[in-house]
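Peer 1: Right, I'll just put the structure down here and ask away after.
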Amino acid sequence: MTHRRQFLKSALAGTTAISLSGRMPKFLSGASKLASCGSENILVVIQMSGGNDGLNTVIPYGDDEYYKNRFTLSFNKNQVLKIDDHVGLHPALSGFDQLLQANQIAIIQGVGYEHPNRSHFESMDLWNTAHRTDQKSNYGWLGRTVENHFLKEDLAAIHLGKGLQPLALKTVTRPVPSIRSIDNFKLRSMKGDRNIEALTKAVETHRPSNNHLLDYIQNSAQIALSTSQRIEGLKTRPSNPTGYPATDLGTNLRVIADLIESDLPTRIYYVTLNGFDTHSNQAATHQNLLNDLGNSISAFMKQLELGKNADRVAIFSFSEFGRRVRENASRGTDHGTAAPVFVCGQKVNGGVIGTPPNLVDLDQGDLKYQIDYRRVYSDLLKNWLGVAPGEILDGQFESLDLFS
Amino acid sequence: MPPIHEHNNVAINMFDNVNPDEAWQPFEPEKDKPWDLRLASHLYRRAWFGGNPTQIQAAVKLGFAESVASILKPRRNENFEAEMNTAARMVTGGSDSRQLAAWWILRMLKTSNPLVEKMTFFWHGHFATGAEKVLNSRAMLRQNQLLRKHALGEYPPLVQSISQDVAMLVYLDSEENRKTRPNENYARELMELFCLGVGNYSEQDIKEVAKCFTGCEVKKGKYQFNEYQHDHGVKSFLNRSGKFRGDDAINIIMEQPAAGRFLAKKLIRFFVFDDLAISDRLAEPLAEHLRATDFNITKALNLIFSSKLFYSDAAIGKKIKSPLELSVGFLHFLGATTNITEVSRKLAAIGQLPLFPPNVKGWEGGKNWINASTILARANLTSGILANEKTKYDQGELSELFGIDSPLGAIDSAPWVNDYFFASPLTRESETQYLNWIKRTNAQPKEILAYLTALPEFQLN
C-alpha cells in the first residue's frame, strides 16, 4: 500500500509526469485528491458490434429445431464445449469454458427487450442509452452514471479504441475521453511546446461563448490535456503478459490491465469488437471473432490475477441483437433479436441464468426474449458500481444475483 | 418565432433572424448583411475544402450571386483527368485500397472542381462501402468513379447504379440473392440508410423488397441478374403490389414522401450545421424542391448556398471540420503539397480515411470528430504538415505568402485570422493573447500557423 500511495502522490501531482508546458495548468491542481480510489469496483464493457449470432455462441445442441434451421451453420454434440445436456459453447470459446469451470462467468440467456428493432443503429442506440429511440436520450447509460455519480473525476470512464466513442458513454457536460492508443496519446510539436502552449492558454482563458460547438471543443481540449498529462505520468510496471491474441481487442484489454494496475481512478473502461454482422459465409468470421473474444478475456483475467486488483474487476459483453433462427441462402444469418450476454469476474456468481432458447415459439422468425437487458444493467450499476440504477434506467428492475 | 431545439435545457432560437419559413428564401447581401471576406470564406469552406486568401478576395470582388454560380459551375480540365486516371491505374490492382485513398486525397487537393469531390465524398459517406471488406481496389475505384459521375446529377439513377455496384454488393453481403430464403441486408440498408430512414417502412416491407432483389449476383467480379434465382412472384410493400424487380422497388421507394425529406435532412446536416435538430418543417421546402427537380443535386445545392439559412448565425461556424476538411483545407490554404501517404496515415488515426468508413452508416460527423485523442492528433496533423521536409509551397516560402510585407495582409493581425482562417472569430481576449505571444516569441509564420491550427476555433468550419 505504501508503495501505491507514494506512486499516486508523485504521479498525479505531476512531479514525475512528463511536463507538457513546463508548469502545471490550473485545471490540473487538485487532481491528487481524487486519487483515493483503489478499492472501488471497475467495470470493463466489451461491445460486440454488428449483431452476434447467439445461437452459435451458446449452442442449443440438444434441440432438433436448431439443426433444422441451421443446415450449414451448426455444431454437433461432439463439437460444442458442453455446458449441460442442452447447451454448449462454440468450440472457439475455450476461454469461456475455463472461466465456467472456475465459476467466473455468468451466461445470461435470451437477453433482449419488448418490440425488438432490427436496425443495427436503432438497436445499439437502445442498448447504449437504456431508452427506446423514440424517447431520445441525451445520455448514454454509462455517461449518465458518470455525470450523476463520478463527475469530479475526468478519468472516471475511458473509451479505448480506434473507432467512434460509443453512445453509451455520452454525457451532456464533460465528455468522456476516448483514447486511441496510449502511445499516440501525446502532443508532438515542431519546436518547443507551441501546440500545447496554444491549447493550454485557450483552455485557461476560455469563457462560455455563444457557440456551443466551440465550448464543446474547449471542454474536450481541457480533458485531453489533463488526461494526456496524467497518463503520460503513470508508471505502468513493465508487464509481459502472455496469451493475448494479436488483435485490437487483445491489445486494448492488455492496456486496460496495465492501467488498472497503475491505480488510475477509472471505474469504467469501454472497448468495441466489430464484425459480427455475418450475412454471408458466417462460419469462419464468427469463429475468429469468438476466438478473439474468449482468448482476450481469459488472458486479461490471468494478467489481473498476477496483480492486486483481480477481485474488483468485472467484464460485461453484449451485442445489439442476435440473429435470425433460420440461416439464409448465403450461408449467413440476418438480423434477429434476443441473445445471451456475458459477465465475467472473480466475484461473479458463475453459471447459466435463464433457459435455453425456445426455437418453436417465435416472433416473425425470431426468438422471444426472456430477460430484459435492463435487469443486467441494474445489477451492474447497483451491485457492482454501487450506484442507484433507478434514475439511470428510468425504473426498477429485479436483480439477477450476478455478484456474490 | 418559437424555439425549435432544446439544448442543455436551454432553448436555442435556431435562426436568430431567420425563421423556418424564411430559411430558404434567397439571401440578399444588400438587405441582410454585406457580402464580405467572412461570408465568402464560409461559402468556400462549406462548398469546397476552403479557399485561400486570393480566392476569397476574388469572390468578394465578383459578388455574391456570381460566386455561388461560379462554385456550382463545372470546369473542364482534361489533362488533369487523364493524369489522375493514369495514377489510378498505378495504385489499383490488389486487395489493398490505402494507396487509392491517398490518390483520392490528392485529387481533392488538386482538382479544379472541389465541389464535385466534396459531393463525391458526401455520396461515399451516404453509400458507405469499406475497402477492408471489399478487398478489391479496382472495384473501389469503379464505385468512386460512379459516385463522381453522378455527384451533381440526379439522385434516382445513382441509387439504381449503386444497387448494381460490385463493391457495394460485396460490402453488404449481397453477392448471392437466391429466391429461397433471400438475404435481407441490401433491402434493409436501401430503405434505412440510403432512401427513407427508420420509421418509414416495416419489417414486412424489408422482406418483400428483399424478394425483388433476388437473382442479383456478383460472379467473377461482375454484377449479373440470374433469372433462375429471381422470385418472379407478386411482392407487396409500401402500399403497392406487383411482380416487381429491384429497379421497380427503387422507383417505388423514391416515390415515397419520406425520400425527399431524408435526403434534404442529410444535405442540411452535411452543408449547413452539425448539431441542431432538423425539423420536418425546416427540411420540407428543400425536400419539395428535390422532388420537383427529379432530385437534381446541383439545383438543391444552389438553393442551399443561396439561402438565408446558409448565411445565418445558425450556420456560420456551426460545423466541426471533418478530418478531410481539416487536412485538405489546410494544404489548399497554404498552396502546399506534402507526403500524402503520411497524411492519409494520420487521417486514419483521427477517424476518416477515405474508402474506410467505420460502418455502413458512414461517418457520423459533428461532435463525434472531437474527443481527447483526436483533439491532440488533429493538432499534431497540421503541425506535422508544417514540419515535414516534403511539404512544398507553390509560391516559394511561407514567409513570402504570409509575412509582414505580404500583399495578402500580414498573418500577425487579428483581421487576417478572422477573415480567412477561422470560421468563428477569436474573442478579444484570445486575440490579445495571440498577438502578445507573437511579439514575445518573435514567432515565424510556420510557428504561428502551428499555434493557430491547435486552437479550438480552427476546428470549426
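We name chains A, B, ... following the order of the C-alpha cells; residues begin at 1 in each chain, and ligands are numbered from 1 as shown.
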Return as CSV the residues of range 292-354 of chain A lying at most 10 Å from range 376-398 of chain A, together with the closest atom-to-atom pair for each and the distance in Å to one decimal, counting only C-alpha atoms, with rows in chain order and ascending residue number.

Peer 2:
```
residue,atom,partner,partner_atom,distance
A:Arg312,CA,A:Trp384,CA,8.9
A:Val313,CA,A:Trp384,CA,9.1
A:Ala314,CA,A:Trp384,CA,8.1
A:Ile315,CA,A:Leu380,CA,9.9
A:Phe316,CA,A:Leu380,CA,8.6
A:Val341,CA,A:Val376,CA,8.9
A:Phe342,CA,A:Val376,CA,9.7
A:Val343,CA,A:Val376,CA,9.1
A:Lys347,CA,A:Trp384,CA,9.4
A:Val348,CA,A:Trp384,CA,9.7
```

Peer 1: Using only C-alpha atoms and a cut-off of 6 Å, which residues of chain B sit close to chain A? Please list them as a ChimeraX atom specification.

Peer 2: /B:173,181,183,371-373,376,380,451,454-456

Peer 1: Keeping N, CA, C and O atoms for every residue in the selection just given, could you write it to a file as a PDB file, in the first residue's frame?

Peer 2:
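Saved to out.pdb:
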```
ATOM      1  N   ASP B 173     -22.803  -7.962 -48.279  1.00  0.00           N
ATOM      2  CA  ASP B 173     -23.045  -9.412 -48.305  1.00  0.00           C
ATOM      3  C   ASP B 173     -24.134  -9.800 -49.281  1.00  0.00           C
ATOM      4  O   ASP B 173     -24.914 -10.722 -49.014  1.00  0.00           O
ATOM      5  N   ARG B 181     -35.169 -18.237 -49.245  1.00  0.00           N
ATOM      6  CA  ARG B 181     -34.549 -17.532 -48.131  1.00  0.00           C
ATOM      7  C   ARG B 181     -33.660 -16.360 -48.582  1.00  0.00           C
ATOM      8  O   ARG B 181     -32.448 -16.393 -48.465  1.00  0.00           O
ATOM      9  N   ASN B 183     -31.540 -12.968 -48.825  1.00  0.00           N
ATOM     10  CA  ASN B 183     -30.711 -12.202 -47.898  1.00  0.00           C
ATOM     11  C   ASN B 183     -31.311 -10.797 -47.784  1.00  0.00           C
ATOM     12  O   ASN B 183     -31.520 -10.113 -48.781  1.00  0.00           O
ATOM     13  N   ASN B 371     -12.625  14.224 -29.628  1.00  0.00           N
ATOM     14  CA  ASN B 371     -12.505  13.621 -28.311  1.00  0.00           C
ATOM     15  C   ASN B 371     -11.070  13.815 -27.848  1.00  0.00           C
ATOM     16  O   ASN B 371     -10.265  14.408 -28.553  1.00  0.00           O
ATOM     17  N   ALA B 372     -10.769  13.300 -26.660  1.00  0.00           N
ATOM     18  CA  ALA B 372      -9.454  13.571 -26.076  1.00  0.00           C
ATOM     19  C   ALA B 372      -8.315  13.169 -27.008  1.00  0.00           C
ATOM     20  O   ALA B 372      -7.313  13.868 -27.119  1.00  0.00           O
ATOM     21  N   SER B 373      -8.470  12.053 -27.709  1.00  0.00           N
ATOM     22  CA  SER B 373      -7.396  11.620 -28.608  1.00  0.00           C
ATOM     23  C   SER B 373      -7.325  12.482 -29.854  1.00  0.00           C
ATOM     24  O   SER B 373      -6.245  12.905 -30.273  1.00  0.00           O
ATOM     25  N   LEU B 376      -5.812  16.158 -29.792  1.00  0.00           N
ATOM     26  CA  LEU B 376      -4.355  16.218 -29.825  1.00  0.00           C
ATOM     27  C   LEU B 376      -3.841  15.792 -31.196  1.00  0.00           C
ATOM     28  O   LEU B 376      -2.947  16.411 -31.767  1.00  0.00           O
ATOM     29  N   ASN B 380      -1.494  17.648 -33.991  1.00  0.00           N
ATOM     30  CA  ASN B 380      -0.265  17.023 -34.478  1.00  0.00           C
ATOM     31  C   ASN B 380      -0.268  16.876 -35.996  1.00  0.00           C
ATOM     32  O   ASN B 380       0.780  16.929 -36.628  1.00  0.00           O
ATOM     33  N   TYR B 451       0.515  27.193 -34.095  1.00  0.00           N
ATOM     34  CA  TYR B 451      -0.223  27.711 -32.932  1.00  0.00           C
ATOM     35  C   TYR B 451      -1.705  27.849 -33.276  1.00  0.00           C
ATOM     36  O   TYR B 451      -2.579  27.353 -32.568  1.00  0.00           O
ATOM     37  N   ALA B 454      -3.780  24.655 -33.695  1.00  0.00           N
ATOM     38  CA  ALA B 454      -4.052  23.880 -32.473  1.00  0.00           C
ATOM     39  C   ALA B 454      -5.250  24.444 -31.713  1.00  0.00           C
ATOM     40  O   ALA B 454      -5.813  23.773 -30.859  1.00  0.00           O
ATOM     41  N   LEU B 455      -5.639  25.665 -32.040  1.00  0.00           N
ATOM     42  CA  LEU B 455      -6.704  26.318 -31.267  1.00  0.00           C
ATOM     43  C   LEU B 455      -8.086  25.715 -31.557  1.00  0.00           C
ATOM     44  O   LEU B 455      -8.360  25.280 -32.680  1.00  0.00           O
ATOM     45  N   PRO B 456      -8.945  25.705 -30.563  1.00  0.00           N
ATOM     46  CA  PRO B 456     -10.314  25.201 -30.761  1.00  0.00           C
ATOM     47  C   PRO B 456     -11.034  25.890 -31.926  1.00  0.00           C
ATOM     48  O   PRO B 456     -11.772  25.230 -32.665  1.00  0.00           O
TER      49      PRO B 456
END
```

Peer 1: Give me the residues near Ile385 in chain B as a ChimeraX atom specification, where near means some atom within 10 Å (using only C-alpha atoms) and where sequence neighbours in that chain fewer than 4 positions away do not count.

Peer 2: /A:190 /B:327,330-331,336-340,342-343,380-381,389-392,450

Peer 1: To one decimal in Å, tell me the separation between CA of Leu234 in chain A and CA of Ile42 in chain A.

Peer 2: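 Result for CA of Leu234 in chain A versus CA of Ile42 in chain A: 18.3 Å, one decimal.
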
Peer 1: I'd like the neighbourhood of Arg132 in chain A as a list in words, where a residue qualifies if any of its atoms comes within 12 Å (using only C-alpha atoms), though same-chain residues fewer than 4 positions away should be ignored.

Peer 2: Tyr113, Glu114, His115, Pro116, Asn117, Phe121, Glu122, Ser123, Met124, Asp125, Leu126, Trp127, Asn128, Lys136, Ser137, Gly140, Arg374, Leu393 and Asp394 of chain A

Peer 1: What would the file look like if the residues just selected were written as an mmCIF file, in the first residue's frame with N, CA and C atoms?

Peer 2:
```cif
data_model
loop_
_atom_site.group_PDB
_atom_site.id
_atom_site.type_symbol
_atom_site.label_atom_id
_atom_site.label_comp_id
_atom_site.auth_asym_id
_atom_site.auth_seq_id
_atom_site.Cartn_x
_atom_site.Cartn_y
_atom_site.Cartn_z
ATOM 1 N N TYR A 113 -35.414 -7.147 -25.424
ATOM 2 C CA TYR A 113 -36.379 -6.143 -24.965
ATOM 3 C C TYR A 113 -37.648 -6.256 -25.796
ATOM 4 N N GLU A 114 -38.698 -5.600 -25.310
ATOM 5 C CA GLU A 114 -40.019 -5.580 -25.930
ATOM 6 C C GLU A 114 -39.950 -4.933 -27.319
ATOM 7 N N HIS A 115 -40.738 -5.380 -28.277
ATOM 8 C CA HIS A 115 -40.797 -4.802 -29.633
ATOM 9 C C HIS A 115 -39.407 -4.615 -30.239
ATOM 10 N N PRO A 116 -38.722 -5.712 -30.511
ATOM 11 C CA PRO A 116 -37.328 -5.594 -30.955
ATOM 12 C C PRO A 116 -37.167 -4.800 -32.248
ATOM 13 N N ASN A 117 -36.123 -3.991 -32.303
ATOM 14 C CA ASN A 117 -35.786 -3.245 -33.503
ATOM 15 C C ASN A 117 -34.610 -3.950 -34.173
ATOM 16 N N PHE A 121 -28.403 0.313 -35.881
ATOM 17 C CA PHE A 121 -28.145 1.601 -35.244
ATOM 18 C C PHE A 121 -29.210 1.908 -34.200
ATOM 19 N N GLU A 122 -30.469 1.582 -34.536
ATOM 20 C CA GLU A 122 -31.543 1.821 -33.584
ATOM 21 C C GLU A 122 -31.386 0.908 -32.371
ATOM 22 N N SER A 123 -31.073 -0.355 -32.624
ATOM 23 C CA SER A 123 -30.988 -1.296 -31.515
ATOM 24 C C SER A 123 -29.770 -0.991 -30.639
ATOM 25 N N MET A 124 -28.648 -0.649 -31.285
ATOM 26 C CA MET A 124 -27.461 -0.323 -30.491
ATOM 27 C C MET A 124 -27.702 0.947 -29.674
ATOM 28 N N ASP A 125 -28.400 1.925 -30.260
ATOM 29 C CA ASP A 125 -28.728 3.144 -29.512
ATOM 30 C C ASP A 125 -29.548 2.802 -28.276
ATOM 31 N N LEU A 126 -30.475 1.865 -28.449
ATOM 32 C CA LEU A 126 -31.320 1.475 -27.329
ATOM 33 C C LEU A 126 -30.492 0.820 -26.221
ATOM 34 N N TRP A 127 -29.639 -0.124 -26.577
ATOM 35 C CA TRP A 127 -28.764 -0.740 -25.574
ATOM 36 C C TRP A 127 -27.862 0.324 -24.944
ATOM 37 N N ASN A 128 -27.409 1.265 -25.743
ATOM 38 C CA ASN A 128 -26.445 2.253 -25.247
ATOM 39 C C ASN A 128 -27.077 3.323 -24.355
ATOM 40 N N LYS A 136 -35.823 9.926 -27.278
ATOM 41 C CA LYS A 136 -34.406 10.225 -27.419
ATOM 42 C C LYS A 136 -33.794 10.659 -26.089
ATOM 43 N N SER A 137 -32.643 10.101 -25.794
ATOM 44 C CA SER A 137 -31.959 10.460 -24.566
ATOM 45 C C SER A 137 -30.677 11.198 -24.918
ATOM 46 N N GLY A 140 -25.771 8.480 -22.671
ATOM 47 C CA GLY A 140 -25.619 7.041 -22.654
ATOM 48 C C GLY A 140 -25.850 6.569 -21.230
ATOM 49 N N ARG A 374 -32.214 -4.451 -19.203
ATOM 50 C CA ARG A 374 -32.018 -3.501 -18.112
ATOM 51 C C ARG A 374 -31.887 -4.182 -16.756
ATOM 52 N N LEU A 393 -31.898 4.127 -15.409
ATOM 53 C CA LEU A 393 -32.677 3.216 -16.253
ATOM 54 C C LEU A 393 -34.144 3.603 -16.335
ATOM 55 N N ASP A 394 -34.521 4.668 -15.624
ATOM 56 C CA ASP A 394 -35.914 5.081 -15.630
ATOM 57 C C ASP A 394 -36.834 3.993 -15.118
#
```

Peer 1: Find the residues around range 211-223 of chain B up to 9 Å (only C-alpha atoms counted), leave out those fewer than 5 positions away in its own chain, and share them as a PyMOL selection string.

Peer 2: chain B and resi 139+164-166+169-170+174-184+186-187+206+228-233+235+243-249

Peer 1: Next, write the just-selected residues to a file, as a short mmCIF file (atom, residue, chain, number, x, y, z; two decimals), in the first residue's frame, keeping C-alpha atoms as the atom set.

Peer 2:
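This is the output file selection.cif:
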```cif
data_model
loop_
_atom_site.label_atom_id
_atom_site.label_comp_id
_atom_site.auth_asym_id
_atom_site.auth_seq_id
_atom_site.Cartn_x
_atom_site.Cartn_y
_atom_site.Cartn_z
CA ALA B 139 -13.96 -2.34 -57.51
CA GLN B 164 -25.61 -2.99 -59.15
CA ASP B 165 -22.20 -1.84 -57.96
CA VAL B 166 -19.84 -4.69 -57.19
CA LEU B 169 -22.89 -5.68 -53.09
CA VAL B 170 -19.78 -7.32 -51.67
CA SER B 174 -25.34 -9.37 -51.32
CA GLU B 175 -23.22 -11.26 -53.82
CA GLU B 176 -25.79 -14.02 -53.80
CA ASN B 177 -29.52 -13.42 -53.58
CA ARG B 178 -31.48 -16.59 -54.05
CA LYS B 179 -35.24 -16.91 -54.21
CA THR B 180 -35.29 -19.39 -51.35
CA ARG B 181 -34.55 -17.53 -48.13
CA PRO B 182 -33.46 -14.19 -49.61
CA ASN B 183 -30.71 -12.20 -47.90
CA GLU B 184 -32.35 -9.11 -46.38
CA TYR B 186 -29.43 -4.85 -49.09
CA ALA B 187 -33.20 -4.28 -48.86
CA ILE B 206 -37.95 -5.32 -45.94
CA TYR B 228 -33.41 -18.60 -62.30
CA GLN B 229 -32.71 -17.28 -58.82
CA HIS B 230 -35.20 -14.42 -59.11
CA ASP B 231 -38.50 -14.69 -57.27
CA HIS B 232 -40.98 -13.94 -60.07
CA GLY B 233 -43.97 -13.80 -57.73
CA LYS B 235 -44.44 -8.62 -53.86
CA LYS B 243 -44.22 -8.67 -59.83
CA PHE B 244 -41.53 -6.14 -59.05
CA ARG B 245 -37.80 -6.40 -59.61
CA GLY B 246 -35.06 -4.43 -57.87
CA ASP B 247 -35.30 -1.40 -60.17
CA ASP B 248 -39.09 -1.24 -59.65
CA ALA B 249 -38.55 -1.41 -55.89
#
```
